[in-house]
Amino acid sequence: MSEPLVTLSGVTKTYAGITALSEVGFSIAAGEAVCLAGENGSGKSTLNKILAGVERPDRGTIAFSGQVQGPLSPRASTEAGIKVIFQDFSLFPNLTVAENIAFSAELGEGVRLVRRAKMRDLARATLDRIGVDIPLDAAGETLSVAHKQLVAIARALATEARLIIMDEPTTALTEREVRGLLTIIRRLKADGVAVLFVSHKLAEVLEVCEQVVVLRNGQKVAEGPAQDFDAASLTRHMTGRDVAAEPPAPLRADAPVLLQVQGLSKAGAFDQVDFTLRAGEVLGISGLLGSGRTALAKALFGLVAPETGTITLDGRQVTRGDPVAAAAAGIGYVPEDRLTEGLFLTQSIVQNIAIGRLDSHARAGGVLNLTGLLAEARDWLARLKVKAPNPDAPVRSLSGGNQQRVVLARWMARSPRVLVLNGPSVGVDVGSKAEIHGIIAELAAHGLGVIVISDDLPELLSTCHRILVMKGGRMVEDIAGGSLNETELAHRLAS
Amino acid sequence: MKIDWTRNETLVALVILAFCLLAALSDPSFLSIATLTDLLRGGIVLGIFAVAAMLVLISGGIDVSFTAIAAFTMYVTAMTLNALMPWMPWWAALGFGMAVGAGLGAINGLLIAGFGLPTLIVTLGTLSIFRGFMLTFIGQKQITTLPPSMREFGRMMLIRGENADGSFYNLHGAFVVTVLVVVLTWFLLQRTMLGRQIYAIGGSVESARRIGINVRGVQFFIYVYVGVLAGLAGVIHASMARVANPFDLVGLELSVIAAVVLGGARLAGGHGTLTGTILGVALIVLVRNSLIVLGIPATWQSVTIGLLILLGTGLPAWQAKRAAARAA
């Protein structure tokens, strides 16, 4: 039997006295896919950086095809065929697809003049190899997230990749796009390329993997063939505890109707949407990409202006297409991409919460009562258990889960009646996800109406009293929570 | 050919046409070779500056020090050649200026690429330092007797002619230099990997590092190249004006950057074309030279240029925003 492609043994790395990795060892064979699972802070990104040659381990060895390597550099690692696809894909927004794919290959050959035809041929050939068709002349910034990922994969392949490391590969993809990715991974494996998935959301890639390695607090806590793992056992190993997926507490039978939506339509987005939301109810809205779910969520908060229909909250009609009116009426909206739409990343955590409450703390003449404002913000930080060493630190320094809490805290400070959460746990780790679900249940228990827009089926099943399914802009199904399991729900969504 | 209305180039070209039409209607003699050579002459120094400024904008930086480099180089070159090397041929004078400019550009490059300082801060600093150093330590008096090499270059004409009314028109030989600069820079940007790396860095510095582009090396090259072009422009400016005035040139930098932005280069980096830059320069020169023809006071020039910038960059941005809103 031949030597494995990459073998790690006893890899240890400490940063300023904190052990990020401790005696970690495993191997990857050619044509094999390995899952490296772990929560944020488990050491998986450190391991990723060590393989990429960006960081050097304090102890331990790395061998390529049985040859123990000296200290790795990014160049040595690339030359050995290890390619990292970062979470942001590292594409050039202003260059064409062809250039994005062929740039590093041409750079590696040390050519001085641009060989346009050669670059196009290479780009075409690599895209063909993974069986996708993306226009070669499209600029990077015009691509969808899924296409950007494919271009990043093609770029890795264009330079003789033997091991492709994918950092959080499925975070930004819809279910259908994940399936497309899996098909491509199978092709790569058949070509003899090894793949290492580094993620905290691995249940969906498990089916193409041979091996699973789980890290927790810098140590390898589980390892074995992929068929021995499932979503629940992965989560258990990653968090060290059971995160139960239980249906929510039943809704009180006499809960009054809070929000009523009637005949809401916007051409090209959604059509004749009717539903009601009761106080204390968690309502899930799901559907495939393009079903109109995101446009509907935005319309509820006035970010998208519907042409006809009414939104009534507590018997009072809310002006359509006006976010300020929606917020004043008591509707809150937490956007899907909290990084770009919801937060002021470089501002402090407290400032981010306080921004939504400026009006309530204005004294005569518009002068701000800063003390009261900040005190209230700190209070919400504590109530939503945001783990922050220092509330004056920039929001950017927080983990994904804690960032999501900051957005929630901002809305809670305004005491809304209805909260619309678009993809509440996109990009957060399993532990934080369970806690966010806990917060949702708690909010509902206080009489808030919560709308969860998501295509994360376990999330919908464990948080929602009712699930509405959208298709082509219309509400096609109204499913009572707890009446279905995941497979049945997936079937209803896709059919 | 399909006309792309969302591009700045299209808009700028249309405005130029409209402007010419207006000028020709109010003064039929506007459409003459004399006007053309006047405009081309006005674009010689501005054009070289604009190419330099565009290169920096593409790489995601901004350089405001090039006019100070040009003034410094022009003055030092005139002085040194007068005192030490009056025998130099004209082309060696240009070469000397390029070398001085390269040296000053390397100071920018060192601070930006070597120490990783923000480009605007560094070049604002060096703009002031280069100018102040020259005025304090080298001199403030105009040099009215240029060295023979620069005088010889100053007399070189590409085209000479007489108008119907007996006045003369000409096109300076330095126009060829500007054309060469444009062609060379086009080749650099579109046909060399170095040029593509400049675009890549402007697109995303982090991604450029990750695929192994020597970001510092490329940045250093950019600022030296800008220095060379600025030095060249400085010597040409003095030769054409037949005087080296140390108070000249500085103050032009923002109009030059405006011309480049008008031509579609983005301040955020990664975008910019030579066609756009040339059109932007043409428009600014046209406005400067022909508002007088239209009977509009010269003080309106800056207002007009300001309006054109707002219109020329605002309209495509507004269209792009509307297109994005329709797609959503």
# chains A, B, ... in the order shown; residues from 1 in each chain; ligands from 1

call {"tool": "interface_residues", "arguments": {"of": "chain B", "to": "chain A", "cutoff": "9 Å", "atoms": "only C-alpha atoms", "output": "ChimeraX atom specification"}}
result
/B:188,190-197,199-204,206-208,210-213,269-271,328

call {"tool": "write_last_selection", "arguments": {"atoms": "N, CA and C atoms", "output": "tab-separated table (two decimals), in the first residue's frame"}}
result
chain	number	residue	atom	x	y	z
B	188	LEU	N	1.97	47.79	-20.63
B	188	LEU	CA	2.23	47.35	-19.26
B	188	LEU	C	0.98	46.78	-18.61
B	190	GLN	N	-2.06	45.91	-19.93
B	190	GLN	CA	-2.87	44.88	-20.59
B	190	GLN	C	-2.08	43.66	-21.04
B	191	ARG	N	-0.79	43.81	-21.24
B	191	ARG	CA	-0.05	42.71	-21.85
B	191	ARG	C	1.04	42.10	-20.97
B	192	THR	N	1.30	42.71	-19.80
B	192	THR	CA	2.31	42.09	-18.93
B	192	THR	C	1.65	41.58	-17.66
B	193	MET	N	2.24	40.54	-17.10
B	193	MET	CA	1.72	39.99	-15.85
B	193	MET	C	1.84	41.03	-14.74
B	194	LEU	N	2.90	41.86	-14.82
B	194	LEU	CA	3.06	42.93	-13.82
B	194	LEU	C	1.83	43.84	-13.81
B	195	GLY	N	1.38	44.21	-15.01
B	195	GLY	CA	0.20	45.07	-15.11
B	195	GLY	C	-1.04	44.40	-14.54
B	196	ARG	N	-1.21	43.11	-14.84
B	196	ARG	CA	-2.37	42.40	-14.32
B	196	ARG	C	-2.29	42.29	-12.80
B	197	GLN	N	-1.06	42.21	-12.29
B	197	GLN	CA	-0.90	42.17	-10.83
B	197	GLN	C	-1.31	43.49	-10.20
B	199	TYR	N	-3.74	45.41	-11.34
B	199	TYR	CA	-5.20	45.31	-11.26
B	199	TYR	C	-5.62	44.39	-10.12
B	200	ALA	N	-4.90	43.25	-9.99
B	200	ALA	CA	-5.27	42.27	-8.96
B	200	ALA	C	-5.16	42.89	-7.57
B	201	ILE	N	-4.07	43.63	-7.32
B	201	ILE	CA	-3.88	44.25	-6.02
B	201	ILE	C	-4.99	45.26	-5.76
B	202	GLY	N	-5.36	46.01	-6.79
B	202	GLY	CA	-6.46	46.96	-6.65
B	202	GLY	C	-7.77	46.27	-6.36
B	203	GLY	N	-7.94	45.05	-6.87
B	203	GLY	CA	-9.17	44.30	-6.64
B	203	GLY	C	-9.25	43.80	-5.21
B	204	SER	N	-8.18	43.19	-4.74
B	204	SER	CA	-8.14	42.69	-3.37
B	204	SER	C	-6.70	42.42	-2.97
B	206	GLU	N	-5.59	41.34	-0.10
B	206	GLU	CA	-5.48	40.09	0.65
B	206	GLU	C	-5.43	38.89	-0.30
B	207	SER	N	-6.32	38.88	-1.29
B	207	SER	CA	-6.33	37.78	-2.24
B	207	SER	C	-5.03	37.74	-3.03
B	208	ALA	N	-4.50	38.92	-3.35
B	208	ALA	CA	-3.25	38.99	-4.11
B	208	ALA	C	-2.13	38.34	-3.31
B	210	ARG	N	-2.48	36.08	-1.04
B	210	ARG	CA	-2.71	34.64	-0.89
B	210	ARG	C	-2.32	33.86	-2.12
B	211	ILE	N	-2.40	34.44	-3.31
B	211	ILE	CA	-1.99	33.66	-4.47
B	211	ILE	C	-0.52	33.91	-4.81
B	212	GLY	N	0.17	34.58	-3.92
B	212	GLY	CA	1.62	34.68	-4.07
B	212	GLY	C	2.12	35.85	-4.87
B	213	ILE	N	1.31	36.91	-5.03
B	213	ILE	CA	1.80	38.12	-5.69
B	213	ILE	C	2.68	38.88	-4.70
B	269	GLY	N	-10.25	51.46	-6.28
B	269	GLY	CA	-9.22	50.62	-6.88
B	269	GLY	C	-9.76	49.53	-7.78
B	270	GLY	N	-8.87	48.98	-8.61
B	270	GLY	CA	-9.21	47.83	-9.44
B	270	GLY	C	-9.79	48.17	-10.81
B	271	HIS	N	-10.26	49.40	-11.00
B	271	HIS	CA	-10.87	49.76	-12.27
B	271	HIS	C	-10.24	51.02	-12.84
B	328	ALA	N	-32.81	42.98	-7.82
B	328	ALA	CA	-33.12	42.41	-6.51
B	328	ALA	C	-34.57	41.99	-6.36

call {"tool": "residues_around", "arguments": {"residues": "Ser265 in chain A", "least_positions_apart": "6", "cutoff": "6 Å", "atoms": "only C-alpha atoms", "output": "VMD selection string"}}
result
chain A and resid 271 to 272 306 to 308

call {"tool": "select_by_dssp", "arguments": {"residues": "range 132-323 of chain B", "states": "alpha helix (DSSP H)", "output": "ChimeraX atom specification"}}
result
/B:132-133,148-155,174-191,193-203,205-210,215-241,253-262,274-290,300-323

call {"tool": "closest_residue", "arguments": {"among": "B:Leu36, B:Val176, B:Val235, B:Val293", "to": "Asp248 in chain B", "atoms": "only C-alpha atoms"}}
result
B:Val235

call {"tool": "residues_around", "arguments": {"residues": "Thr183 in chain A", "least_positions_apart": "4", "cutoff": "9 Å", "atoms": "only C-alpha atoms", "output": "ChimeraX atom specification"}}
result
/A:130,178-179,187-188,208

call {"tool": "atom_distance", "arguments": {"atom1": "CA of Asp274 in chain A", "atom2": "CA of Ser483 in chain A"}}
result
21.7 Å

call {"tool": "residues_around", "arguments": {"residues": "Ala50 in chain B", "least_positions_apart": "5", "cutoff": "7 Å", "atoms": "only C-alpha atoms", "output": "number ranges by chain"}}
result
B: 256-257, 260, 277

call {"tool": "atom_distance", "arguments": {"atom1": "CA of Ala226 in chain A", "atom2": "CA of Val212 in chain A"}}
result
5.4 Å

call {"tool": "atom_distance", "arguments": {"atom1": "CA of Cys209 in chain A", "atom2": "CA of Gly240 in chain A"}}
result
22.1 Å

call {"tool": "residues_around", "arguments": {"residues": "Gly284 in chain A", "least_positions_apart": "2", "cutoff": "12 Å", "atoms": "only C-alpha atoms", "output": "PyMOL selection string"}}
result
chain A and resi 275-277+281-282+286-287+293+297+419-424+440+449-470+475+477-481

call {"tool": "select_by_dssp", "arguments": {"residues": "range 53-302 of chain A", "states": "strand (DSSP E or B)", "output": "compact mmCIF listing (two decimals) with N, CA and C atoms, in the first residue's frame"}}
result
# COMPACT_ATOMS: atom_id res chain seq x y z
N ARG A 59 5.69 21.79 17.77
CA ARG A 59 6.19 20.42 17.77
C ARG A 59 5.40 19.61 16.76
N GLY A 60 5.92 18.43 16.44
CA GLY A 60 5.18 17.55 15.56
C GLY A 60 5.69 17.63 14.13
N THR A 61 5.30 16.66 13.32
CA THR A 61 5.81 16.61 11.95
C THR A 61 4.67 16.53 10.95
N ILE A 62 4.97 17.00 9.77
CA ILE A 62 4.05 16.89 8.64
C ILE A 62 4.80 16.16 7.53
N ALA A 63 4.21 15.11 7.00
CA ALA A 63 4.88 14.37 5.92
C ALA A 63 4.00 14.40 4.68
N PHE A 64 4.61 14.65 3.53
CA PHE A 64 3.91 14.54 2.24
C PHE A 64 4.38 13.25 1.58
N GLN A 67 7.33 11.58 3.08
CA GLN A 67 8.53 12.40 3.27
C GLN A 67 8.27 13.44 4.35
N VAL A 68 9.00 13.36 5.45
CA VAL A 68 8.81 14.35 6.50
C VAL A 68 9.36 15.69 6.02
N ILE A 82 -0.91 21.58 -1.98
CA ILE A 82 -1.95 21.86 -0.99
C ILE A 82 -2.55 23.23 -1.27
N LYS A 83 -3.84 23.26 -1.55
CA LYS A 83 -4.49 24.53 -1.89
C LYS A 83 -5.60 24.79 -0.89
N VAL A 84 -5.60 25.98 -0.33
CA VAL A 84 -6.64 26.34 0.62
C VAL A 84 -7.67 27.22 -0.08
N ILE A 85 -8.94 26.86 0.06
CA ILE A 85 -10.00 27.74 -0.44
C ILE A 85 -10.60 28.41 0.78
N THR A 96 -11.70 39.02 -14.70
CA THR A 96 -12.64 38.07 -15.28
C THR A 96 -12.46 36.70 -14.65
N LEU A 113 4.80 38.08 -19.76
CA LEU A 113 3.76 38.66 -20.61
C LEU A 113 2.46 37.87 -20.45
N ALA A 139 -17.10 39.34 -14.78
CA ALA A 139 -16.23 39.85 -13.73
C ALA A 139 -16.55 39.13 -12.42
N LEU A 163 -4.29 18.24 -2.69
CA LEU A 163 -5.19 18.30 -1.54
C LEU A 163 -5.84 19.67 -1.53
N ILE A 164 -7.17 19.70 -1.57
CA ILE A 164 -7.87 20.98 -1.50
C ILE A 164 -8.49 21.09 -0.11
N ILE A 165 -8.12 22.16 0.59
CA ILE A 165 -8.69 22.39 1.92
C ILE A 165 -9.80 23.41 1.76
N MET A 166 -11.00 23.07 2.17
CA MET A 166 -12.11 24.01 2.03
C MET A 166 -12.56 24.47 3.40
N ASP A 167 -12.44 25.78 3.62
CA ASP A 167 -12.80 26.37 4.89
C ASP A 167 -14.27 26.76 4.86
N ALA A 194 -7.44 14.83 -3.10
CA ALA A 194 -7.97 14.68 -1.74
C ALA A 194 -8.62 15.99 -1.32
N VAL A 195 -9.62 15.88 -0.44
CA VAL A 195 -10.32 17.08 0.01
C VAL A 195 -10.41 17.06 1.53
N LEU A 196 -10.10 18.20 2.14
CA LEU A 196 -10.28 18.32 3.59
C LEU A 196 -11.30 19.42 3.84
N PHE A 197 -12.44 19.02 4.43
CA PHE A 197 -13.46 20.00 4.79
C PHE A 197 -13.18 20.47 6.20
N VAL A 198 -13.09 21.78 6.38
CA VAL A 198 -12.88 22.32 7.72
C VAL A 198 -14.11 23.12 8.05
N SER A 199 -14.89 22.69 9.03
CA SER A 199 -16.16 23.37 9.25
C SER A 199 -16.77 22.99 10.58
N GLN A 211 -13.41 9.85 6.01
CA GLN A 211 -12.91 9.95 7.38
C GLN A 211 -13.47 11.18 8.07
N VAL A 212 -13.59 11.08 9.38
CA VAL A 212 -13.99 12.23 10.17
C VAL A 212 -12.99 12.41 11.30
N VAL A 213 -12.54 13.63 11.50
CA VAL A 213 -11.68 13.96 12.64
C VAL A 213 -12.37 15.10 13.37
N VAL A 214 -12.56 14.95 14.66
CA VAL A 214 -13.23 16.01 15.43
C VAL A 214 -12.25 16.61 16.42
N LEU A 215 -12.16 17.93 16.41
CA LEU A 215 -11.31 18.64 17.36
C LEU A 215 -12.17 19.35 18.38
N ARG A 216 -11.69 19.38 19.61
CA ARG A 216 -12.34 20.20 20.64
C ARG A 216 -11.25 20.74 21.54
N GLN A 219 -7.71 19.54 20.91
CA GLN A 219 -7.38 18.11 20.95
C GLN A 219 -8.28 17.31 20.05
N LYS A 220 -7.70 16.20 19.55
CA LYS A 220 -8.51 15.32 18.72
C LYS A 220 -9.37 14.49 19.66
N VAL A 221 -10.67 14.64 19.56
CA VAL A 221 -11.54 13.92 20.50
C VAL A 221 -12.25 12.74 19.82
N ALA A 222 -12.25 12.70 18.51
CA ALA A 222 -12.88 11.57 17.84
C ALA A 222 -12.29 11.43 16.44
N GLU A 223 -12.23 10.23 15.96
CA GLU A 223 -11.72 9.97 14.63
C GLU A 223 -12.30 8.64 14.16
N GLY A 224 -12.65 8.54 12.91
CA GLY A 224 -13.15 7.26 12.44
C GLY A 224 -13.77 7.39 11.07
N PRO A 225 -14.19 6.25 10.53
CA PRO A 225 -14.84 6.26 9.22
C PRO A 225 -16.15 7.06 9.28
N VAL A 257 -54.25 37.08 18.15
CA VAL A 257 -53.58 37.33 16.88
C VAL A 257 -52.82 38.66 16.97
N LEU A 258 -51.56 38.63 16.60
CA LEU A 258 -50.71 39.80 16.74
C LEU A 258 -50.55 40.49 15.38
N LEU A 259 -50.17 39.70 14.40
CA LEU A 259 -49.86 40.25 13.09
C LEU A 259 -50.73 39.56 12.05
N GLN A 260 -51.32 40.37 11.19
CA GLN A 260 -52.11 39.77 10.12
C GLN A 260 -51.65 40.32 8.78
N VAL A 261 -51.34 39.42 7.89
CA VAL A 261 -50.89 39.82 6.56
C VAL A 261 -51.94 39.35 5.56
N GLN A 262 -52.42 40.27 4.72
CA GLN A 262 -53.48 39.90 3.77
C GLN A 262 -53.14 40.37 2.36
N GLY A 263 -53.18 39.43 1.44
CA GLY A 263 -53.07 39.75 0.02
C GLY A 263 -51.82 40.52 -0.37
N LEU A 264 -50.72 40.27 0.33
CA LEU A 264 -49.50 41.01 0.06
C LEU A 264 -48.88 40.54 -1.26
N SER A 265 -48.66 41.46 -2.20
CA SER A 265 -48.12 41.08 -3.51
C SER A 265 -47.06 42.06 -3.97
N LYS A 266 -46.06 41.53 -4.61
CA LYS A 266 -45.10 42.36 -5.32
C LYS A 266 -44.71 41.60 -6.58
N PHE A 270 -43.40 38.04 -4.75
CA PHE A 270 -44.38 37.18 -4.08
C PHE A 270 -45.78 37.62 -4.46
N ASP A 271 -46.74 36.74 -4.24
CA ASP A 271 -48.07 36.96 -4.80
C ASP A 271 -49.13 36.53 -3.80
N GLN A 272 -50.03 37.45 -3.45
CA GLN A 272 -51.20 37.15 -2.60
C GLN A 272 -50.83 36.34 -1.36
N VAL A 273 -49.91 36.89 -0.57
CA VAL A 273 -49.50 36.17 0.64
C VAL A 273 -50.44 36.54 1.79
N ASP A 274 -51.03 35.51 2.42
CA ASP A 274 -51.87 35.71 3.61
C ASP A 274 -51.31 34.86 4.74
N PHE A 275 -51.16 35.42 5.92
CA PHE A 275 -50.93 34.58 7.10
C PHE A 275 -51.16 35.41 8.36
N THR A 276 -51.31 34.71 9.47
CA THR A 276 -51.44 35.40 10.75
C THR A 276 -50.36 34.88 11.68
N LEU A 277 -50.02 35.72 12.64
CA LEU A 277 -49.03 35.34 13.64
C LEU A 277 -49.62 35.69 14.99
N ARG A 278 -49.60 34.71 15.91
CA ARG A 278 -50.19 34.98 17.22
C ARG A 278 -49.09 35.33 18.22
N VAL A 282 -43.92 31.06 17.23
CA VAL A 282 -42.76 31.10 16.35
C VAL A 282 -43.19 30.50 15.03
N LEU A 283 -43.14 31.33 13.99
CA LEU A 283 -43.62 30.91 12.68
C LEU A 283 -42.44 30.77 11.74
N GLY A 284 -42.31 29.60 11.15
CA GLY A 284 -41.22 29.40 10.20
C GLY A 284 -41.68 29.68 8.79
N ILE A 285 -40.87 30.36 8.00
CA ILE A 285 -41.19 30.52 6.57
C ILE A 285 -40.02 29.94 5.80
N SER A 286 -40.29 28.96 4.96
CA SER A 286 -39.21 28.32 4.23
C SER A 286 -39.53 28.21 2.76
